[in-house]
Structures are given as structure tokens and as C-alpha cells.
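K.L.:
Below you'll find the structure I mean.
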Amino acid sequence: MPELPEVETTRRGLEPLVRGATIGSVVVRNRAMRQPVPRDLARILTGRRIDALERRGKYLLFRAGDGTLIVHLGMSGRLWVVTPGTAPATHDHFDLALDNGHVVRLRDPRRFGLVLWQRGDPLAHKLLRAIGPEPFSNAFNAEWLYRETRSRSGAIKNAIMDSHLVAGVGNIYASEALFRAGINPKLPARRLGPARCVALVETVRATLADAIAAGGSSLRDYVNSKGEAGYFQNNFSVYDRAGKPCLTCGTTIRSLVLGQRSTFYCPRCQAR
DNA sequence: CGCCAGGCCTGCACGC
DNA sequence: TGCGTGCAGGCCTGGC
């Protein structure tokens, strides 16, 4: 469910509740995530202080002394805070009980998410090492996008969803950013000129920033760390709007499949 | 019942 | 040969 804005919304909600707290106990109810949850995670975490909650791409990083608890929410994950004693529901796989009275709980029905422990620098972990620039960093710029797309014959939408090119852009925001830039999602990436690279960097950032400001998008049951729904889904220009009129020109929004993912665009505003 | 869903890794085929 | 790229498959459950 979560793309970068939803993960960032979660991080911002949780950070003040967990920073500086000490982990009192850990409950793992189901270790079978995308990778198995480490068997000795409770032993490792208990008694540790959470120094900071950071984000890299769609990964949440609980910095704790000489290591980091890495959490990825996959397709259906949600991380929020409950009060001690709150009965776990089905798919509540993981709890972190803090000494400040908060219990951080992970729910992930599809279990495409991850819970990992990394000693030392978390960015050295194999899964994080290869991730491309953060979309709001200077490293993600038009020159980078231009260079990185020269050898790619595949669709531009697939390119910007590649976490090695830019971190955090998922299926929804890829369609939205391309709409804002007036770029057809099927356009071969290598055919994107310098000017359109400038435009796309700008709209990727603006789309993600607007979604974060709205508290993320609430598709299905996505809620933030306080259980509140985001409302960016009300601001979608094209995502999930096939058959409806383009809000800019009135042309019927179309959908197609690119890279096995549903894609939405306006055939007039994004003619090429 | 079948189909679809917000992620992303792996393995394979292919071309330079 | 080695590397980058492109694609399919797989991991799971829930909702329509």
C-alpha cells in the first residue's frame, strides 16, 4: 500500500513517539515475511534505546545504538501505535513495546514487508545499498535523470518506478507525476529530452510533496500512525480514473498495463 | 469463483 | 566474458 509519501507520513507520526524510548519487549507472531524475521530479534532489541526514526526510500530505519531495525511495509503493511494490552488482530505480526507506554505494531496481511536487523551502517545493507537518490535530494536532478535514461528503451514510467534511478516512486505517483509533466507513460525513456527531464524531476518532487502534505493516500485501509486516513487519493488526477474525464481537458482517462502494473494517463494532455 | 491490488527481489534471455 | 536491461514469476491475503 505505501509509497514514499505514506512511509514518510508514518515516519513523521511515529518519530516523536519512539525517539528516545527504550524497547522493553518485542513480540514476533509471524516470522514469515518477504524474508524471515530474524529469530533472535527480541534478544537483540530488548533494552535498546531508539535514537532516531529515519527513512531511506520506502524503508523505515529505527536507529538503535550500534545497529538499526529496518522495516519495509511492502504492499499491505501498516505501522502504528497502540496502547499496551490492545489485543492483536489477524496479521498483526510484530510488536515493539516501549518503556514510554507506546506499543508500535506492524500489520501486514500480504506479508510482502520486511523486518530486519542491521548492525553498523544500515545503508550498507544489500537492499539499501543499491537504492538511487532520494527524490528531494540534490542528487536527483535533470542531469542524473537524463544520463540514467539514455540506455533505457523501456517505458519512462517503468524507469521512474525503478528504485535504482530514484527512490520511493511507486505505481500511483509514477502515473500522477507523468500526468503533471505532460509525458506519455509509454514513452521510451531514452527519448526523454533535457527539458522534459527538468520537468519530470520537478513533478516527481511536487507530486510526492503534495501527497506528504495531505498525509498520504488512503487506498483500502491505509491510515497513518495515529489511525487517521490521508486524503491525497481525493487529489488523484489520473490514478484509478479510467473512463472519467481529464480534469484539465475533459478527455477520457485511459488505462493500460506497463511492466505488469496498471497505468493511467490522459491521451490528450500526455500525447507524447 | 476469478481477478485485481500501493512492492520488489530473483532468475533468465538477450544484446552490446 | 561480463554487464546492463527487460521481462516474467513469485511471494501472500482480502475484497469485489
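Residue names in the C-alpha cells use chain letters A, B, ... in the order shown, residue numbers from 1 in each chain, and ligand numbers from 1 in the order shown.
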Considering only C-alpha atoms (C1' of nucleotides), extract the chain A residues located within 7 Å of chain B and return them as a ChimeraX atom specification.
P.N.:
/A:1-3,74-75,171-172
K.L.:
Quick check for you: according to DSSP on this backbone, which residues of stretch 175-256 of chain A are classed as strand (DSSP E or B)? Reply as a list in words.
P.N.:
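Going through stretch 175-256 of chain A, the strand (DSSP E or B) residues come out as Pro188, Pro245, Thr252, Arg254, Ser255 and Leu256 of chain A.
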K.L.:
Could you name the residues that touch A:Ala211 at 8 Å or less, counting only C-alpha atoms (C1' of nucleotides), but leaving out those on the same chain fewer than 6 positions away, as a PyMOL selection string?
P.N.:
chain A and resi 5+217+232
K.L.:
Provide as a list in words the residues of chain C at most 7 Å from chain A, counting only C-alpha atoms (C1' of nucleotides).
P.N.:
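Residues passing the distance filter: DC11, DC12 and DT13 of chain C.
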K.L.:
One decimal, in Å: what's the spacing between atom CA of A:Arg78 and atom CA of A:Ala64?
P.N.:
20.8 Å
K.L.:
What separation in Å, quoted to one decimal, exists between atom C1' of C:DG4 and atom CA of A:Val166?
P.N.:
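These atoms are spaced 17.1 Å apart.
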K.L.:
May I ask for the distance between atom CA of A:Cys246 and atom CA of A:Phe264, given in Å to one decimal place?
P.N.:
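Separation of atom CA of A:Cys246 and atom CA of A:Phe264: 10.8 Å.
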K.L.:
So that I can check the secondary structure, give me every residue of stretch 14-228 of chain A assigned alpha helix (DSSP H) by backbone DSSP, as JSON, numbers by chain.
P.N.:
{"A": [14, 15, 16, 17, 18, 41, 42, 43, 44, 45, 126, 127, 128, 129, 142, 143, 144, 145, 146, 147, 148, 149, 156, 157, 158, 159, 160, 171, 172, 173, 174, 175, 176, 177, 178, 179, 180, 181, 194, 195, 196, 197, 198, 199, 200, 201, 202, 203, 204, 205, 206, 207, 208, 209, 210, 211, 212, 213]}
K.L.:
Identify, on the basis of only C-alpha atoms (C1' of nucleotides), every residue whose closest approach to A:Arg254 does not exceed 12 Å; exclude the query and any residue fewer than 3 positions from it along the same chain; express the result as number ranges by chain.
P.N.:
A: 175, 179, 184-185, 237-246, 250-251, 257, 262-271
K.L.:
Hey, what's within 10 Å of A:Ala155 if we count only C-alpha atoms (C1' of nucleotides) and toss same-chain stuff fewer than 3 positions away? As a list of chain:residue names, please?
P.N.:
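Once the nearby chain positions are removed, what remains is A:Thr149, A:Arg152, A:Asn158, A:Ala159, A:Ile160, A:Asn184, A:Pro185, A:Lys186, A:Leu187, A:Pro188, A:Ala189, A:Arg190, A:Arg191, A:Leu258, A:Gly259.
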